[in-house]
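S.K.: File name start.txt; file contents compact mmCIF, C-alpha atoms; full text below.
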```txt
# COMPACT_ATOMS: atom_id res chain seq x y z
CA MET V 1 14.18 5.53 -17.79
CA THR V 2 10.98 6.20 -15.85
CA THR V 3 11.33 6.26 -12.07
CA THR V 4 8.18 5.15 -10.28
CA VAL V 5 7.94 6.07 -6.62
CA ALA V 6 5.30 4.77 -4.22
CA ILE V 7 4.52 7.25 -1.46
CA ILE V 8 2.47 6.19 1.55
CA GLN V 9 0.75 9.18 3.12
CA ALA V 10 0.55 8.74 6.90
CA ARG V 11 0.19 10.63 10.17
CA MET V 12 -0.40 9.82 13.82
CA SER V 13 -3.12 12.40 14.50
CA SER V 14 -6.08 10.64 12.89
CA SER V 15 -9.29 11.94 14.44
CA ARG V 16 -11.10 8.60 14.22
CA LEU V 17 -8.28 6.22 15.26
CA PRO V 18 -5.22 8.10 16.57
CA GLY V 19 -1.95 6.28 15.99
CA LYS V 20 -3.58 3.77 13.65
CA VAL V 21 -0.49 3.47 11.46
CA LEU V 22 1.48 1.99 14.37
CA LYS V 23 -1.20 -0.48 15.49
CA PRO V 24 0.33 -3.99 15.38
CA LEU V 25 -0.49 -6.51 12.66
CA LEU V 26 1.37 -9.83 12.87
CA GLY V 27 3.72 -8.16 15.34
CA LEU V 28 4.64 -5.30 13.01
CA PRO V 29 3.46 -1.69 12.98
CA SER V 30 0.62 -1.47 10.49
CA ILE V 31 2.59 0.95 8.29
CA VAL V 32 5.51 -1.51 8.11
CA PHE V 33 3.12 -4.40 7.39
CA MET V 34 1.69 -2.36 4.52
CA ALA V 35 5.11 -1.32 3.21
CA GLN V 36 6.24 -4.93 2.96
CA ARG V 37 3.23 -5.62 0.75
CA VAL V 38 3.92 -2.55 -1.40
CA ARG V 39 7.50 -3.71 -1.96
CA GLN V 40 6.15 -6.79 -3.74
CA ALA V 41 4.89 -4.60 -6.59
CA ARG V 42 7.13 -5.03 -9.62
CA ARG V 43 6.60 -1.52 -11.02
CA VAL V 44 7.73 0.27 -7.84
CA ASP V 45 11.33 1.53 -7.97
CA ARG V 46 11.35 3.33 -4.64
CA LEU V 47 9.11 3.50 -1.57
CA LEU V 48 8.87 6.17 1.07
CA VAL V 49 6.43 7.37 3.71
CA ALA V 50 5.38 11.03 3.68
CA THR V 51 4.50 12.27 7.15
CA SER V 52 4.65 15.65 8.85
CA THR V 53 7.21 17.65 10.78
CA ASP V 54 4.74 17.98 13.65
CA ALA V 55 5.94 16.53 16.95
CA SER V 56 2.95 14.19 16.96
CA ASP V 57 4.58 12.31 14.08
CA ASP V 58 7.93 11.82 15.79
CA PRO V 59 6.96 8.30 16.98
CA LEU V 60 6.04 7.37 13.40
CA ALA V 61 9.35 8.67 12.05
CA ALA V 62 11.20 6.75 14.77
CA ALA V 63 9.35 3.52 13.97
CA LEU V 64 10.12 3.89 10.27
CA ALA V 65 13.80 4.47 11.01
CA ALA V 66 13.87 1.41 13.26
CA HIS V 67 12.60 -0.70 10.36
CA GLY V 68 14.96 0.82 7.79
CA MET V 69 12.23 2.66 5.92
CA GLU V 70 12.65 5.96 4.11
CA CYS V 71 10.66 8.86 5.54
CA PHE V 72 9.99 12.34 4.18
CA ARG V 73 8.56 14.99 6.51
CA GLY V 74 6.64 18.10 5.46
CA SER V 75 3.59 20.17 6.28
CA LEU V 76 0.92 18.59 8.48
CA ALA V 77 -1.96 20.70 7.14
CA ASP V 78 -0.94 21.10 3.47
CA VAL V 79 -0.83 17.46 2.45
CA LEU V 80 -0.66 18.25 -1.27
CA GLN V 81 2.49 20.31 -0.75
CA ARG V 82 4.01 17.57 1.43
CA PHE V 83 3.20 14.90 -1.14
CA HIS V 84 4.63 16.91 -4.04
CA GLN V 85 7.78 17.72 -2.08
CA ALA V 86 8.22 14.04 -1.23
CA ALA V 87 7.91 13.15 -4.92
CA GLN V 88 10.46 15.83 -5.85
CA HIS V 89 12.80 14.57 -3.13
CA ALA V 90 12.59 11.08 -4.64
CA GLN V 91 13.05 12.41 -8.20
CA ALA V 92 9.88 10.64 -9.31
CA ASP V 93 8.58 10.60 -12.86
CA VAL V 94 5.49 8.59 -11.90
CA VAL V 95 4.06 8.86 -8.40
CA LEU V 96 1.89 6.23 -6.73
CA ARG V 97 -0.28 7.62 -3.95
CA LEU V 98 -1.18 5.20 -1.18
CA THR V 99 -2.62 5.98 2.24
CA GLY V 100 -1.47 4.46 5.50
CA ASP V 101 -4.92 3.17 6.43
CA CYS V 102 -4.74 0.44 3.75
CA PRO V 103 -2.57 -2.35 5.23
CA LEU V 104 -4.12 -4.99 2.95
CA ILE V 105 -3.09 -3.13 -0.22
CA ASP V 106 -2.47 -5.56 -3.08
CA PRO V 107 0.82 -5.38 -5.03
CA GLU V 108 -0.70 -6.74 -8.24
CA LEU V 109 -3.30 -3.96 -8.16
CA ILE V 110 -0.55 -1.41 -7.61
CA ASP V 111 1.14 -2.72 -10.77
CA ARG V 112 -2.10 -2.64 -12.78
CA VAL V 113 -2.81 0.98 -11.89
CA ALA V 114 0.81 2.04 -12.36
CA ALA V 115 0.87 0.48 -15.83
CA ARG V 116 -1.91 2.79 -17.01
CA VAL V 117 0.43 5.74 -16.51
CA ILE V 118 3.80 4.12 -17.23
CA ASP V 119 2.68 2.23 -20.35
CA GLY V 120 -0.84 3.40 -21.16
CA GLY V 121 -0.44 7.10 -21.76
CA ALA V 122 -2.61 8.33 -18.90
CA ALA V 123 -1.52 11.26 -16.76
CA TYR V 124 -3.59 9.89 -13.88
CA ALA V 125 -5.05 6.48 -13.10
CA THR V 126 -6.87 4.92 -10.18
CA ASN V 127 -8.90 1.92 -9.11
CA ALA V 128 -10.85 4.02 -6.60
CA VAL V 129 -12.93 6.28 -8.89
CA PRO V 130 -15.41 4.93 -9.66
CA ALA V 131 -15.19 2.60 -6.67
CA SER V 132 -15.42 -1.11 -7.46
CA TYR V 133 -12.75 -2.69 -5.23
CA PRO V 134 -13.06 -3.13 -1.46
CA ASP V 135 -12.41 0.05 0.48
CA GLY V 136 -8.77 -0.31 1.51
CA LEU V 137 -7.31 -1.37 -1.86
CA ASP V 138 -7.14 2.17 -3.24
CA VAL V 139 -4.25 3.07 -5.56
CA GLU V 140 -3.62 6.28 -7.50
CA ALA V 141 -0.88 6.86 -10.07
CA MET V 142 0.05 10.15 -11.70
CA ARG V 143 2.71 11.86 -13.75
CA ILE V 144 4.86 14.23 -11.72
CA GLU V 145 3.72 17.07 -14.01
CA ALA V 146 0.10 16.57 -12.94
CA LEU V 147 1.06 16.57 -9.27
CA ALA V 148 3.19 19.69 -9.73
CA ALA V 149 0.30 21.51 -11.42
CA ALA V 150 -2.03 20.57 -8.59
CA ASP V 151 0.40 21.88 -5.99
CA ALA V 152 0.89 25.13 -7.91
CA GLU V 153 -2.75 25.81 -8.77
CA ALA V 154 -5.12 24.11 -6.31
CA THR V 155 -6.64 26.50 -3.77
CA LEU V 156 -9.58 24.68 -2.18
CA PRO V 157 -8.80 23.37 1.32
CA SER V 158 -10.16 19.96 0.28
CA ASP V 159 -7.72 19.89 -2.65
CA ARG V 160 -4.79 20.69 -0.37
CA GLU V 161 -5.81 18.00 2.13
CA HIS V 162 -6.72 15.17 -0.26
CA VAL V 163 -4.03 15.70 -2.93
CA THR V 164 -5.66 14.49 -6.15
CA PRO V 165 -9.19 16.01 -6.60
CA PHE V 166 -7.74 18.89 -8.65
CA ILE V 167 -6.11 16.45 -11.06
CA ARG V 168 -9.36 14.51 -11.51
CA ARG V 169 -11.30 17.71 -12.23
CA GLU V 170 -8.71 18.73 -14.85
CA ALA V 171 -9.24 15.60 -16.95
CA GLN V 172 -8.84 17.49 -20.24
CA ARG V 173 -5.33 18.50 -19.21
CA PHE V 174 -4.51 15.26 -17.45
CA PRO V 175 -6.13 12.28 -19.24
CA ALA V 176 -7.34 9.73 -16.71
CA GLN V 177 -7.97 6.00 -16.77
CA SER V 178 -9.78 3.73 -14.32
CA VAL V 179 -9.07 0.14 -13.31
CA SER V 180 -12.20 -1.80 -12.39
CA ALA V 181 -12.80 -5.02 -10.47
CA PHE V 182 -14.52 -8.06 -11.98
CA ALA V 183 -17.65 -7.10 -10.02
CA ASP V 184 -18.79 -4.30 -7.75
CA LEU V 185 -17.03 -5.12 -4.48
CA SER V 186 -17.04 -1.55 -3.18
CA ALA V 187 -19.31 -2.35 -0.23
CA MET V 188 -16.54 -4.46 1.34
CA ARG V 189 -14.49 -2.57 3.90
CA TRP V 190 -10.81 -3.52 4.32
CA THR V 191 -9.49 -0.15 5.46
CA VAL V 192 -8.44 0.80 9.01
CA ASP V 193 -10.05 4.09 9.99
CA HIS V 194 -11.99 3.11 13.13
CA PRO V 195 -11.33 0.68 16.01
CA ASP V 196 -13.79 -1.86 14.61
CA ASP V 197 -12.02 -1.67 11.23
CA LEU V 198 -8.80 -2.80 12.91
CA ALA V 199 -10.56 -5.77 14.50
CA HIS V 200 -12.00 -6.73 11.11
CA VAL V 201 -8.63 -6.56 9.34
CA GLU V 202 -7.10 -8.68 12.11
CA ALA V 203 -9.88 -11.23 11.54
CA LEU V 204 -9.23 -11.27 7.79
CA ILE V 205 -5.50 -11.83 8.32
CA ALA V 206 -6.25 -14.68 10.71
CA ALA V 207 -8.77 -16.17 8.28
CA VAL V 208 -6.15 -16.57 5.54
CA GLY V 209 -3.66 -18.07 7.98
CA ALA V 210 -1.10 -15.40 7.15
CA THR V 211 2.41 -15.96 8.47
CA SER V 212 3.84 -12.71 7.09
CA PRO V 213 2.57 -9.57 5.34
CA THR V 214 3.51 -11.07 1.97
CA SER V 215 2.10 -14.58 2.40
CA PHE V 216 -1.33 -13.77 0.91
CA ASP V 217 -3.00 -11.68 -1.77
CA ARG V 218 -6.48 -10.27 -2.34
CA TRP V 219 -7.65 -13.54 -3.90
CA ASP V 220 -6.76 -15.39 -0.70
CA LEU V 221 -8.85 -12.85 1.19
CA PHE V 222 -11.81 -13.30 -1.16
CA ARG V 223 -11.60 -17.08 -0.77
CA ALA V 224 -11.41 -16.82 3.02
CA ILE V 225 -14.44 -14.56 3.08
CA GLU V 226 -16.36 -17.01 0.90
CA ARG V 227 -15.25 -20.03 2.92
CA LEU V 228 -15.51 -18.67 6.45
CA GLY V 229 -17.98 -15.85 6.11
CA VAL V 230 -15.50 -13.30 7.46
CA ARG V 231 -17.06 -10.28 5.86
CA ARG V 232 -18.08 -6.80 6.72
CA ASP V 233 -19.94 -5.14 3.90
CA GLU V 234 -22.70 -3.36 5.76
CA ASN V 235 -20.79 -0.07 5.35
CA THR V 236 -21.17 0.93 8.98
CA HIS V 237 -18.78 3.76 8.15
CA GLN V 238 -19.05 5.95 5.07
CA ARG V 239 -16.44 5.48 2.37
CA ASN V 240 -14.15 8.51 1.98
CA GLU V 241 -15.81 10.20 4.95
CA GLY V 242 -12.79 12.45 5.50
CA TYR V 243 -12.96 13.81 1.95
CA LEU V 244 -16.73 14.30 2.14
CA LYS V 245 -16.29 16.27 5.37
CA SER V 246 -13.69 18.44 3.64
CA LEU V 247 -16.13 19.18 0.81
CA ARG V 248 -18.76 20.25 3.34
CA ASP V 249 -16.18 22.50 4.99
CA ASP V 250 -15.35 24.04 1.58
CA ALA V 251 -19.03 24.81 1.01
CA ALA V 252 -19.41 26.38 4.45
CA ALA V 253 -16.35 28.61 4.11
```
Could you write out this structure as structure tokens?

M.R.:
Amino acid sequence: MTTTVAIIQARMSSSRLPGKVLKPLLGLPSIVFMAQRVRQARRVDRLLVATSTDASDDPLAAALAAHGMECFRGSLADVLQRFHQAAQHAQADVVLRLTGDCPLIDPELIDRVAARVIDGGAAYATNAVPASYPDGLDVEAMRIEALAAADAEATLPSDREHVTPFIRREAQRFPAQSVSAFADLSAMRWTVDHPDDLAHVEALIAAVGATSPTSFDRWDLFRAIERLGVRRDENTHQRNEGYLKSLRDDAAA
């Protein structure tokens, strides 16, 4: 039997919005709000949050414990190692990588991406490359063997920080599949990486009349945007700006 584990990567020391994973949404810490949505995915057998052993992440670990959520703690700087160790701890066969800045993550999309690895023969699958969904609905799925190889072999600082670039570059070894949206919606921004992102996500949640984290899906959000004009697709902030900065740092090293 295949064990599929969803791991939310999260930390408190974000440079652009410190403590963003504990910002309240509907009275819950954002990370808990997100986790309740992830738990609606049918292909997820186990869910945990991978954070660091750094003291800065003690409040996050405490909040997770208070809400009965499983937490794994590892290296702050070597995120790839932390992520792989979390997957090993959970005895995962298939690993779903989610990031804590995506509180509006959609469970049906999680299932679609997971199915490409569980049922479709891919070693890696994502709906984020190439980007077609709103920024903030990103899901990655991978076989544990691909993640283990990345941890053992990846040496670039950007690979260690962003977990999966090595796997994508090794597509001959690790066959990849992409899940695309019905249209190019990649200009929409539903992630929480800056203070104005948080205000926008709060507006989206209000626009759908949400009463709980699980009372709406991405289609409700699309309809609310169409009906009320609650949109933000001017891309004030660059998509994947953290990864792009890491690539520049690699080149400068």

S.K.: Could you check which of V:Phe33, V:Phe182, V:Phe83, V:Phe174 is closest to V:Tyr124, using only C-alpha atoms?

M.R.: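 That would be V:Phe174, the residue with the smallest distance to V:Tyr124.
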
S.K.: Quick one, how far is atom CA of V:Thr4 from atom CA of V:Ala122?

M.R.: 14.2 Å

S.K.: Take every atom of stretch 120-137 of chain V listed in the file, fit an axis-aligned box around them, add 8 Å per side, and give the centre and edge lengths in Å to one decimal as lines of an AutoDock Vina configuration file.

M.R.:
```
center_x = -7.9
center_y = 4.1
center_z = -10.1
size_x = 31.0
size_y = 30.4
size_z = 39.3
```

S.K.: For V:Thr53, work out the shell of residues within 12 Å, counting all atoms listed in the file and skipping chain neighbours fewer than 5 positions away, then give it as a list in words.

M.R.: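 These residues fall inside the cut-off: Ala10, Arg11, Met12, Asp58, Pro59, Leu60, Ala61, Cys71, Phe72, Arg73, Gly74, Ser75, Leu76, Ala77, Asp78, Val79 and Arg82 of chain V.
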
S.K.: Write out the residues from the selection above, keeping C-alpha atoms, as a CSV table (one decimal), in the coordinates of the input.

M.R.:
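As a result, result-v7.csv now contains:
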```
chain,number,residue,atom,x,y,z
V,10,ALA,CA,0.6,8.7,6.9
V,11,ARG,CA,0.2,10.6,10.2
V,12,MET,CA,-0.4,9.8,13.8
V,58,ASP,CA,7.9,11.8,15.8
V,59,PRO,CA,7.0,8.3,17.0
V,60,LEU,CA,6.0,7.4,13.4
V,61,ALA,CA,9.4,8.7,12.0
V,71,CYS,CA,10.7,8.9,5.5
V,72,PHE,CA,10.0,12.3,4.2
V,73,ARG,CA,8.6,15.0,6.5
V,74,GLY,CA,6.6,18.1,5.5
V,75,SER,CA,3.6,20.2,6.3
V,76,LEU,CA,0.9,18.6,8.5
V,77,ALA,CA,-2.0,20.7,7.1
V,78,ASP,CA,-0.9,21.1,3.5
V,79,VAL,CA,-0.8,17.5,2.4
V,82,ARG,CA,4.0,17.6,1.4
```

S.K.: What is the distance between atom CA of V:Arg227 and atom CA of V:Asp106, in Å to one decimal?

M.R.: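 We find that atom CA of V:Arg227 and atom CA of V:Asp106 lie 20.2 Å from each other.
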
S.K.: How many Å separate atom CA of V:Ala63 from atom CA of V:Val163?

M.R.: 24.8 Å

S.K.: Of the candidates V:Ala181, V:Ala152, V:Arg169, V:Glu145, which shows the shortest atom-to-atom distance to V:Asn127, using only C-alpha atoms?

M.R.: V:Ala181

S.K.: Return stretch 4-35 of chain V, completed with N, CA and C atoms, as a tab-separated table (two decimals), in the frame of the given file.

M.R.:
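This is the output file selection.tsv:
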```tsv
chain	number	residue	atom	x	y	z
V	4	THR	N	9.50	5.22	-10.91
V	4	THR	CA	8.18	5.15	-10.28
V	4	THR	C	8.35	5.04	-8.77
V	5	VAL	N	7.78	5.99	-8.07
V	5	VAL	CA	7.94	6.07	-6.62
V	5	VAL	C	6.58	5.90	-5.95
V	6	ALA	N	6.50	4.95	-5.05
V	6	ALA	CA	5.30	4.77	-4.22
V	6	ALA	C	5.47	5.58	-2.95
V	7	ILE	N	4.49	6.42	-2.66
V	7	ILE	CA	4.52	7.25	-1.46
V	7	ILE	C	3.30	6.92	-0.61
V	8	ILE	N	3.56	6.47	0.61
V	8	ILE	CA	2.47	6.19	1.55
V	8	ILE	C	2.28	7.44	2.41
V	9	GLN	N	1.11	7.99	2.34
V	9	GLN	CA	0.75	9.18	3.12
V	9	GLN	C	0.27	8.73	4.49
V	10	ALA	N	0.89	9.24	5.56
V	10	ALA	CA	0.55	8.74	6.90
V	10	ALA	C	0.79	9.81	7.95
V	11	ARG	N	0.00	9.75	9.01
V	11	ARG	CA	0.19	10.63	10.17
V	11	ARG	C	-0.37	9.94	11.40
V	12	MET	N	0.04	10.41	12.56
V	12	MET	CA	-0.40	9.82	13.82
V	12	MET	C	-1.70	10.43	14.33
V	13	SER	N	-2.03	11.64	13.88
V	13	SER	CA	-3.12	12.40	14.50
V	13	SER	C	-4.46	12.18	13.83
V	14	SER	N	-4.76	10.96	13.44
V	14	SER	CA	-6.08	10.64	12.89
V	14	SER	C	-7.16	10.94	13.93
V	15	SER	N	-8.22	11.60	13.49
V	15	SER	CA	-9.29	11.94	14.44
V	15	SER	C	-10.13	10.74	14.83
V	16	ARG	N	-10.22	9.74	13.94
V	16	ARG	CA	-11.10	8.60	14.22
V	16	ARG	C	-10.36	7.45	14.90
V	17	LEU	N	-9.08	7.27	14.61
V	17	LEU	CA	-8.28	6.22	15.26
V	17	LEU	C	-6.85	6.73	15.38
V	18	PRO	N	-6.57	7.55	16.41
V	18	PRO	CA	-5.22	8.10	16.57
V	18	PRO	C	-4.16	7.00	16.64
V	19	GLY	N	-3.05	7.24	15.96
V	19	GLY	CA	-1.95	6.28	15.99
V	19	GLY	C	-2.21	5.01	15.22
V	20	LYS	N	-3.19	5.01	14.32
V	20	LYS	CA	-3.58	3.77	13.65
V	20	LYS	C	-2.44	3.16	12.84
V	21	VAL	N	-1.54	4.00	12.32
V	21	VAL	CA	-0.49	3.47	11.46
V	21	VAL	C	0.57	2.69	12.23
V	22	LEU	N	0.54	2.77	13.56
V	22	LEU	CA	1.48	1.99	14.37
V	22	LEU	C	0.79	0.84	15.10
V	23	LYS	N	-0.51	0.65	14.87
V	23	LYS	CA	-1.20	-0.48	15.49
V	23	LYS	C	-0.59	-1.78	14.96
V	24	PRO	N	-0.38	-2.78	15.82
V	24	PRO	CA	0.33	-3.99	15.38
V	24	PRO	C	-0.53	-4.92	14.53
V	25	LEU	N	0.07	-5.44	13.48
V	25	LEU	CA	-0.49	-6.51	12.66
V	25	LEU	C	0.60	-7.56	12.47
V	26	LEU	N	0.37	-8.76	12.90
V	26	LEU	CA	1.37	-9.83	12.87
V	26	LEU	C	2.68	-9.37	13.53
V	27	GLY	N	2.55	-8.59	14.59
V	27	GLY	CA	3.72	-8.16	15.34
V	27	GLY	C	4.49	-7.00	14.74
V	28	LEU	N	3.99	-6.43	13.66
V	28	LEU	CA	4.64	-5.30	13.01
V	28	LEU	C	3.74	-4.07	13.09
V	29	PRO	N	4.31	-2.87	13.14
V	29	PRO	CA	3.46	-1.69	12.98
V	29	PRO	C	2.71	-1.77	11.66
V	30	SER	N	1.46	-1.36	11.68
V	30	SER	CA	0.62	-1.47	10.49
V	30	SER	C	1.28	-0.85	9.26
V	31	ILE	N	1.95	0.29	9.43
V	31	ILE	CA	2.59	0.95	8.29
V	31	ILE	C	3.72	0.11	7.72
V	32	VAL	N	4.42	-0.63	8.57
V	32	VAL	CA	5.51	-1.51	8.11
V	32	VAL	C	4.92	-2.74	7.43
V	33	PHE	N	3.85	-3.29	8.01
V	33	PHE	CA	3.12	-4.40	7.39
V	33	PHE	C	2.71	-4.01	5.97
V	34	MET	N	2.13	-2.83	5.83
V	34	MET	CA	1.69	-2.36	4.52
V	34	MET	C	2.87	-2.18	3.57
V	35	ALA	N	3.95	-1.58	4.06
V	35	ALA	CA	5.11	-1.32	3.21
V	35	ALA	C	5.70	-2.61	2.66
```
